[in-house]
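A.B. asks: Input final38.txt, format and content: compact mmCIF, C-alpha atoms.
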```
# COMPACT_ATOMS: atom_id res chain seq x y z
CA MET L 1380 50.05 -2.65 -60.17
CA SER L 1381 52.28 -0.71 -62.52
CA GLY L 1382 53.70 2.74 -62.19
CA ASP L 1383 54.30 5.12 -59.36
CA SER L 1384 51.87 7.66 -60.71
CA GLU L 1385 49.06 5.11 -60.71
CA LEU L 1386 49.84 4.19 -57.10
CA ALA L 1387 49.99 7.86 -56.17
CA ALA L 1388 46.62 8.48 -57.79
CA LEU L 1389 45.10 5.49 -56.02
CA LEU L 1390 46.48 6.58 -52.63
CA ASP L 1391 45.16 10.03 -53.38
CA VAL L 1392 41.64 8.68 -53.96
CA LEU L 1393 41.75 6.50 -50.86
CA SER L 1394 43.06 9.31 -48.69
CA ASP L 1395 39.89 11.26 -49.38
CA ASP L 1396 37.36 11.06 -46.53
CA TYR L 1397 34.38 11.48 -48.86
CA ALA L 1398 35.58 8.73 -51.19
CA ARG L 1399 36.11 6.35 -48.27
CA SER L 1400 32.66 7.14 -46.90
CA ILE L 1401 31.15 6.30 -50.30
CA LEU L 1402 33.12 3.05 -50.46
CA ALA L 1403 31.99 2.12 -46.97
CA ALA L 1404 28.34 2.88 -47.65
CA THR L 1405 28.21 1.13 -51.04
CA SER L 1406 29.98 -1.94 -49.69
CA VAL L 1407 26.83 -2.70 -47.70
CA ARG L 1408 24.43 -2.41 -50.61
CA PRO L 1409 24.32 -0.73 -54.02
CA MET L 1410 23.06 2.84 -53.76
CA SER L 1411 22.02 5.58 -56.13
CA ALA L 1412 23.86 8.92 -56.02
CA LYS L 1413 20.92 10.40 -54.15
CA GLN L 1414 20.97 7.64 -51.54
CA ILE L 1415 24.72 8.10 -51.09
CA ALA L 1416 24.23 11.86 -50.66
CA GLU L 1417 21.66 11.23 -47.93
CA GLU L 1418 23.51 8.40 -46.23
CA CYS L 1419 26.89 10.15 -46.21
CA ASP L 1420 25.56 13.68 -45.78
CA MET L 1421 27.22 15.07 -48.91
CA SER L 1422 26.07 17.37 -51.68
CA GLY L 1423 25.10 15.85 -55.04
CA PRO L 1424 28.12 17.30 -56.93
CA THR L 1425 30.48 15.97 -54.23
CA VAL L 1426 29.01 12.50 -54.64
CA TYR L 1427 29.29 12.59 -58.43
CA ARG L 1428 32.89 13.83 -58.39
CA ARG L 1429 33.99 11.16 -55.91
CA VAL L 1430 32.06 8.39 -57.61
CA GLU L 1431 33.66 9.34 -60.92
CA ARG L 1432 37.14 9.15 -59.41
CA LEU L 1433 36.35 5.86 -57.71
CA ARG L 1434 35.09 4.47 -61.00
CA GLU L 1435 38.27 5.53 -62.81
CA HIS L 1436 40.15 3.26 -60.44
CA ASP L 1437 37.54 0.50 -60.65
CA LEU L 1438 36.81 0.81 -56.96
CA VAL L 1439 33.08 1.08 -57.52
CA GLU L 1440 30.89 -0.45 -60.16
CA GLU L 1441 27.98 1.24 -61.85
CA GLN L 1442 24.76 -0.73 -62.27
CA THR L 1443 21.69 0.42 -64.15
CA ARG L 1444 18.30 -0.20 -62.62
CA VAL L 1445 15.59 -0.42 -65.22
CA ARG L 1446 12.19 0.90 -64.31
CA VAL L 1447 9.10 -0.20 -66.15
CA GLY L 1448 7.86 3.34 -66.77
CA GLY L 1449 11.24 4.62 -68.01
CA ASN L 1450 13.37 6.77 -65.67
CA ASP L 1451 16.16 4.23 -65.37
CA TYR L 1452 18.69 5.12 -62.72
CA ASN L 1453 22.20 4.10 -61.77
CA THR L 1454 23.40 2.61 -58.56
CA TYR L 1455 26.95 2.20 -57.37
CA ALA L 1456 28.46 -0.69 -55.49
CA ALA L 1457 31.92 -0.88 -53.97
CA THR L 1458 34.07 -3.54 -55.62
CA LEU L 1459 37.08 -3.04 -53.36
CA SER L 1460 37.46 -5.60 -50.63
CA GLU L 1461 41.15 -5.26 -49.76
CA PHE L 1462 43.98 -2.88 -50.42
CA SER L 1463 47.52 -3.69 -49.40
CA LEU L 1464 50.85 -2.01 -49.87
CA GLN L 1465 54.17 -3.80 -49.68
CA LEU L 1466 57.63 -2.34 -49.62
CA ASP L 1467 60.13 -4.79 -50.88
CA GLU L 1468 63.65 -4.32 -52.26
CA GLY L 1469 63.28 -0.65 -52.90
CA SER L 1470 59.87 -0.59 -54.52
CA PHE L 1471 56.25 -0.40 -53.46
CA GLU L 1472 53.84 -3.03 -54.55
CA ALA L 1473 50.16 -2.28 -54.16
CA THR L 1474 47.53 -4.96 -54.43
CA LEU L 1475 43.82 -4.41 -54.82
CA GLU L 1476 41.40 -7.21 -54.10
CA ALA L 1477 38.03 -6.81 -55.69
CA ALA L 1478 34.98 -8.68 -54.52
CA PRO L 1479 31.68 -8.69 -56.33
CA PRO L 1480 29.11 -6.88 -54.20
CA PRO L 1481 26.77 -9.20 -52.34
CA GLU L 1482 23.63 -9.52 -54.33
CA PHE L 1483 20.18 -10.54 -53.51
CA PRO L 1484 19.26 -13.23 -56.04
CA GLY L 1485 17.37 -11.73 -58.93
CA GLN L 1486 17.65 -8.15 -57.70
CA HIS L 1487 18.58 -6.90 -61.15
CA GLU L 1488 15.74 -8.66 -62.90
CA ASP L 1489 13.10 -6.35 -64.25
CA ASP L 1490 10.44 -8.98 -64.75
CA ALA L 1491 8.55 -10.27 -61.72
CA ALA L 1492 8.63 -13.86 -63.02
CA ASP L 1493 12.42 -13.80 -63.53
CA ARG L 1494 12.99 -12.21 -60.13
CA PHE L 1495 10.63 -14.65 -58.46
CA THR L 1496 12.34 -17.64 -60.09
CA LYS L 1497 15.81 -16.55 -59.00
CA MET L 1498 14.69 -15.69 -55.48
CA TRP L 1499 12.90 -18.98 -55.03
CA GLU L 1500 15.61 -21.12 -56.59
CA HIS L 1501 18.25 -19.51 -54.38
CA LEU L 1502 16.43 -20.05 -51.13
CA MET P 1049 -32.23 -14.33 -49.25
CA ALA P 1050 -31.38 -12.19 -46.27
CA ALA P 1051 -29.25 -9.11 -46.85
CA TRP P 1052 -25.59 -9.67 -46.15
CA THR P 1053 -24.08 -8.13 -43.06
CA LEU P 1054 -20.94 -6.02 -43.23
CA VAL P 1055 -18.87 -8.88 -41.80
CA GLN P 1056 -20.18 -11.28 -44.46
CA TRP P 1057 -19.26 -8.79 -47.17
CA LEU P 1058 -15.81 -8.42 -45.65
CA ILE P 1059 -15.34 -12.19 -45.55
CA ALA P 1060 -16.41 -12.50 -49.17
CA ALA P 1061 -14.25 -9.56 -50.26
CA LEU P 1062 -11.18 -10.96 -48.49
CA ALA P 1063 -11.76 -14.43 -49.91
CA PHE P 1064 -12.03 -12.91 -53.38
CA GLY P 1065 -8.95 -10.75 -52.75
CA SER P 1066 -6.94 -13.80 -51.66
CA THR P 1067 -8.02 -15.61 -54.80
CA VAL P 1068 -6.95 -12.74 -57.03
CA VAL P 1069 -3.65 -12.00 -55.27
CA GLY P 1070 -2.82 -15.70 -54.80
CA GLY P 1071 -3.65 -16.30 -58.45
CA TYR P 1072 -1.36 -13.43 -59.44
CA VAL P 1073 1.58 -14.81 -57.42
CA GLY P 1074 0.90 -18.29 -58.80
CA TYR P 1075 0.76 -16.84 -62.31
CA GLN P 1076 4.16 -15.17 -61.86
CA ALA P 1077 5.55 -18.51 -60.68
CA TYR P 1078 4.02 -20.15 -63.75
CA ARG P 1079 5.66 -17.53 -66.00
CA GLY P 1080 8.94 -18.27 -64.21
CA PHE P 1081 8.45 -21.95 -65.03
CA ARG P 1082 7.74 -21.18 -68.71
CA ARG P 1083 10.58 -18.70 -69.11
CA HIS P 1084 13.23 -20.72 -67.30
CA HIS P 1085 11.91 -24.27 -67.83
CA SER P 1086 12.16 -24.56 -64.08
CA ARG P 1087 10.42 -27.54 -62.51
CA THR P 1088 10.85 -25.88 -59.14
CA MET P 1089 8.71 -22.99 -60.32
CA GLN P 1090 6.19 -25.35 -61.84
CA TYR P 1091 5.59 -27.00 -58.47
CA LEU P 1092 5.58 -23.64 -56.74
CA SER P 1093 2.99 -22.24 -59.14
CA LEU P 1094 0.78 -25.33 -58.86
CA GLY P 1095 1.09 -25.19 -55.09
CA LEU P 1096 0.25 -21.49 -54.86
CA ILE P 1097 -2.71 -21.79 -57.19
CA SER P 1098 -4.04 -24.83 -55.34
CA LEU P 1099 -3.51 -23.18 -51.95
CA THR P 1100 -5.13 -19.88 -52.86
CA ALA P 1101 -7.21 -19.68 -56.03
CA VAL P 1102 -8.46 -23.27 -56.14
CA SER P 1103 -9.23 -23.75 -52.44
CA PHE P 1104 -10.80 -20.30 -52.09
CA GLY P 1105 -12.69 -20.80 -55.32
CA VAL P 1106 -14.10 -24.14 -54.15
CA ALA P 1107 -14.98 -22.76 -50.71
CA PHE P 1108 -16.56 -19.64 -52.14
CA ALA P 1109 -18.53 -21.38 -54.90
CA GLY P 1110 -19.58 -24.07 -52.42
CA SER P 1111 -20.81 -21.57 -49.86
CA VAL P 1112 -22.81 -19.70 -52.49
CA LEU P 1113 -24.40 -22.94 -53.77
CA LEU P 1114 -25.19 -24.04 -50.21
CA ARG P 1115 -26.59 -20.65 -49.29
CA ARG P 1116 -28.82 -20.54 -52.34
CA GLY P 1117 -29.99 -24.08 -51.71
CA TYR P 1118 -28.61 -25.59 -54.94
CA LEU P 1119 -26.68 -28.03 -52.78
CA PRO P 1120 -28.16 -29.84 -49.80
CA ALA P 1121 -26.74 -28.88 -46.41
CA SER P 1122 -25.17 -32.34 -46.10
CA TYR P 1123 -22.54 -31.16 -48.64
CA GLN P 1124 -21.12 -28.71 -46.11
CA GLN P 1125 -18.56 -31.12 -44.64
CA PRO P 1126 -17.39 -32.67 -47.94
CA LEU P 1127 -16.88 -29.13 -49.28
CA THR P 1128 -14.80 -28.19 -46.25
CA LEU P 1129 -12.83 -31.41 -46.71
CA ALA P 1130 -12.23 -30.57 -50.37
CA THR P 1131 -11.08 -27.06 -49.46
CA ARG P 1132 -8.68 -28.37 -46.81
CA THR P 1133 -7.39 -30.99 -49.25
CA PHE P 1134 -6.53 -28.34 -51.86
CA GLN P 1135 -4.82 -26.30 -49.16
CA PHE P 1136 -2.82 -29.30 -48.00
CA VAL P 1137 -1.86 -30.26 -51.55
CA GLY P 1138 -0.89 -26.61 -52.15
CA VAL P 1139 1.47 -26.27 -49.19
CA SER P 1140 2.87 -29.76 -49.89
CA LEU P 1141 3.72 -28.75 -53.48
CA ILE P 1142 5.34 -25.53 -52.23
CA ALA P 1143 7.37 -27.50 -49.67
CA TYR P 1144 8.39 -29.97 -52.40
CA SER P 1145 9.42 -27.15 -54.73
CA LEU P 1146 11.67 -25.78 -51.96
CA HIS P 1147 13.57 -29.03 -51.76
CA ARG P 1148 13.89 -30.00 -55.38
CA ARG P 1149 16.42 -28.34 -57.60
CA GLY P 1150 16.22 -27.71 -61.33
```
Using the file provided, produce a representation of the structure as structure tokens.

C.D. replies:
Amino acid sequence: MSGDSELAALLDVLSDDYARSILAATSVRPMSAKQIAEECDMSGPTVYRRVERLREHDLVEEQTRVRVGGNDYNTYAATLSEFSLQLDEGSFEATLEAAPPPEFPGQHEDDAADRFTKMWEHL
Amino acid sequence: MAAWTLVQWLIAALAFGSTVVGGYVGYQAYRGFRRHHSRTMQYLSLGLISLTAVSFGVAFAGSVLLRRGYLPASYQQPLTLATRTFQFVGVSLIAYSLHRRG
């Protein structure tokens, strides 16, 4: 990780209770902003502001769910799996480990046949 | 022909419903096979269709033919055997599709 200001910004995001709650909730399963608001007991604007900051630091990933009748919606999934900070020879070194969110096979498929195939083949 | 009782209607409706829903699931598996060239899905779709649509279809058509007297009563057992055979073939194909890959 390069730059003190980047580290400071990252620590700033992670020091926020709301942001950590969102990370914790979306590490279990991808959630829409509304689901996060309900799960974490936050207002909609709070969720959006935090999610935006988390996305700027690539700590959450946005996924679009397509609905057959239109009305697509976005879900967010935590990508962070580990954050570590090392102090060595006068400088801080921060390391972020990202893990792809656990996925149910075929969960992003819109078509029943595609979803069915992936589910069955991954049993 | 005597009027059907409520239970007979329910049995017929559920058998028909199983045929339709089973056929739908089998059809989705068949589409999966066509779209992904997946042999696994081919066996799954054949198994589901045999287990549901085919066996229910045979049992239902057979019972109607027997009831109306188009088939002699001695066909009752062979029809049941045929139905059970399609069910067995169906679950066997599904089990096979679980274990084969690609």

A.B. asks: Kindly indicate which residue among L:Ala1398, L:Ala1456, L:Leu1466, L:Ala1492 lies nearest to L:Ser1411, using all atoms listed in the file for the distances.

C.D. replies: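 Looking at the shortest contact to L:Ser1411, the residue is L:Ala1456.
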
A.B. asks: So the first atom is atom CA of L:Val1392 and the second is atom CA of L:Thr1443; what is the distance between them in Å, to one decimal place?

C.D. replies: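 Going from atom CA of L:Val1392 over to atom CA of L:Thr1443 covers 23.9 Å.
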
A.B. asks: Go through P:Ser1086, P:Gln1076, P:Thr1100, P:Ser1140 and flag the residue nearest chain L, using all atoms listed in the file for the distances.

C.D. replies: P:Gln1076

A.B. asks: Name all residues at most 12 Å from P:Val1112 (count only C-alpha atoms; drop same-chain ones fewer than 3 positions away) and give them as a PyMOL selection string.

C.D. replies: chain P and resi 1049+1056+1060+1105-1109+1115-1121+1124+1127

A.B. asks: Wanna dump the chain P-chain L contacts at 7 Å for me, each residue with its shortest atom pair and the distance in Å to one decimal, counting all atoms listed in the file, ordered by chain and number, as a Markdown table?

C.D. replies:
```
| residue | atom | partner | partner_atom | distance |
| --- | --- | --- | --- | --- |
| P:Gln1076 | CA | L:Ala1492 | CA | 4.8 |
| P:Ala1077 | CA | L:Ala1492 | CA | 6.0 |
| P:Arg1079 | CA | L:Ala1492 | CA | 5.6 |
| P:Gly1080 | CA | L:Ala1492 | CA | 4.6 |
| P:Met1089 | CA | L:Thr1496 | CA | 6.5 |
```

A.B. asks: Between atom CA of L:Ser1422 and atom CA of L:His1487, what is the distance, to one decimal in Å?

C.D. replies: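 Separation between atom CA of L:Ser1422 and atom CA of L:His1487: 27.1 Å.
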
A.B. asks: Report the distance between atom CA of P:Thr1067 and atom CA of P:Arg1083 in Å, rounded to one decimal place.

C.D. replies: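 If I compute the distance from atom CA of P:Thr1067 to atom CA of P:Arg1083, I get 23.7 Å.
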
A.B. asks: Which of these residues is nearest to P:Gln1135, using only C-alpha atoms: P:Val1073, P:Ala1061, P:Leu1054, P:Leu1096?

C.D. replies: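 Ranked by minimum distance to P:Gln1135, first place goes to P:Leu1096.
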
A.B. asks: So which residues are close to (19.0, -2.6, -64.9), meaning at most 10 Å away in the file's coordinates with all atoms listed in the file counted, and can you show them as an MDAnalysis selection string?

C.D. replies: chainID L and resid 1442:1446 1451:1454 1486:1489

A.B. asks: Skipping near chain neighbours, those fewer than 5 positions away, what residues fall within 10 Å of L:Leu1433 using all atoms listed in the file, listed as a list in words?

C.D. replies: Leu1389, Val1392, Leu1393, Ala1398, Arg1399, Ile1401, Leu1402, Tyr1427, Arg1428, Leu1438, Val1439, Glu1440, Ala1457, Thr1458 and Leu1459 of chain L

A.B. asks: Write out as a ChimeraX atom specification the residues lying within 7 Å of P:Gly1138, counting all atoms listed in the file and excluding same-chain residues fewer than 2 positions away.

C.D. replies: /P:1095-1096,1098-1099,1134-1136,1140-1142

A.B. asks: Counting only C-alpha atoms, figure out which residue out of P:Ser1103, P:Tyr1075, P:Val1068, P:Thr1128 gets nearest to P:Gln1090.

C.D. replies: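 Of P:Ser1103, P:Tyr1075, P:Val1068, P:Thr1128, the one nearest P:Gln1090 is P:Tyr1075, counting only C-alpha atoms.
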
A.B. asks: Would you mind telling me which residue in P:Thr1088, P:Ser1066, P:Gln1125, P:Thr1133 lies nearest to P:Phe1104 when using all atoms listed in the file?

C.D. replies: P:Ser1066

A.B. asks: Might I get the box with edges along x, y and z of the file that holds all atoms of stretch 1117-1133 of chain P listed there, padded by 3 Å on every side, given as centre and edge lengths in Å to one decimal, as AutoDock Vina command-line options?

C.D. replies:
```
--center_x -18.7 --center_y -28.4 --center_z -49.8 --size_x 28.6 --size_y 14.6 --size_z 16.3
```
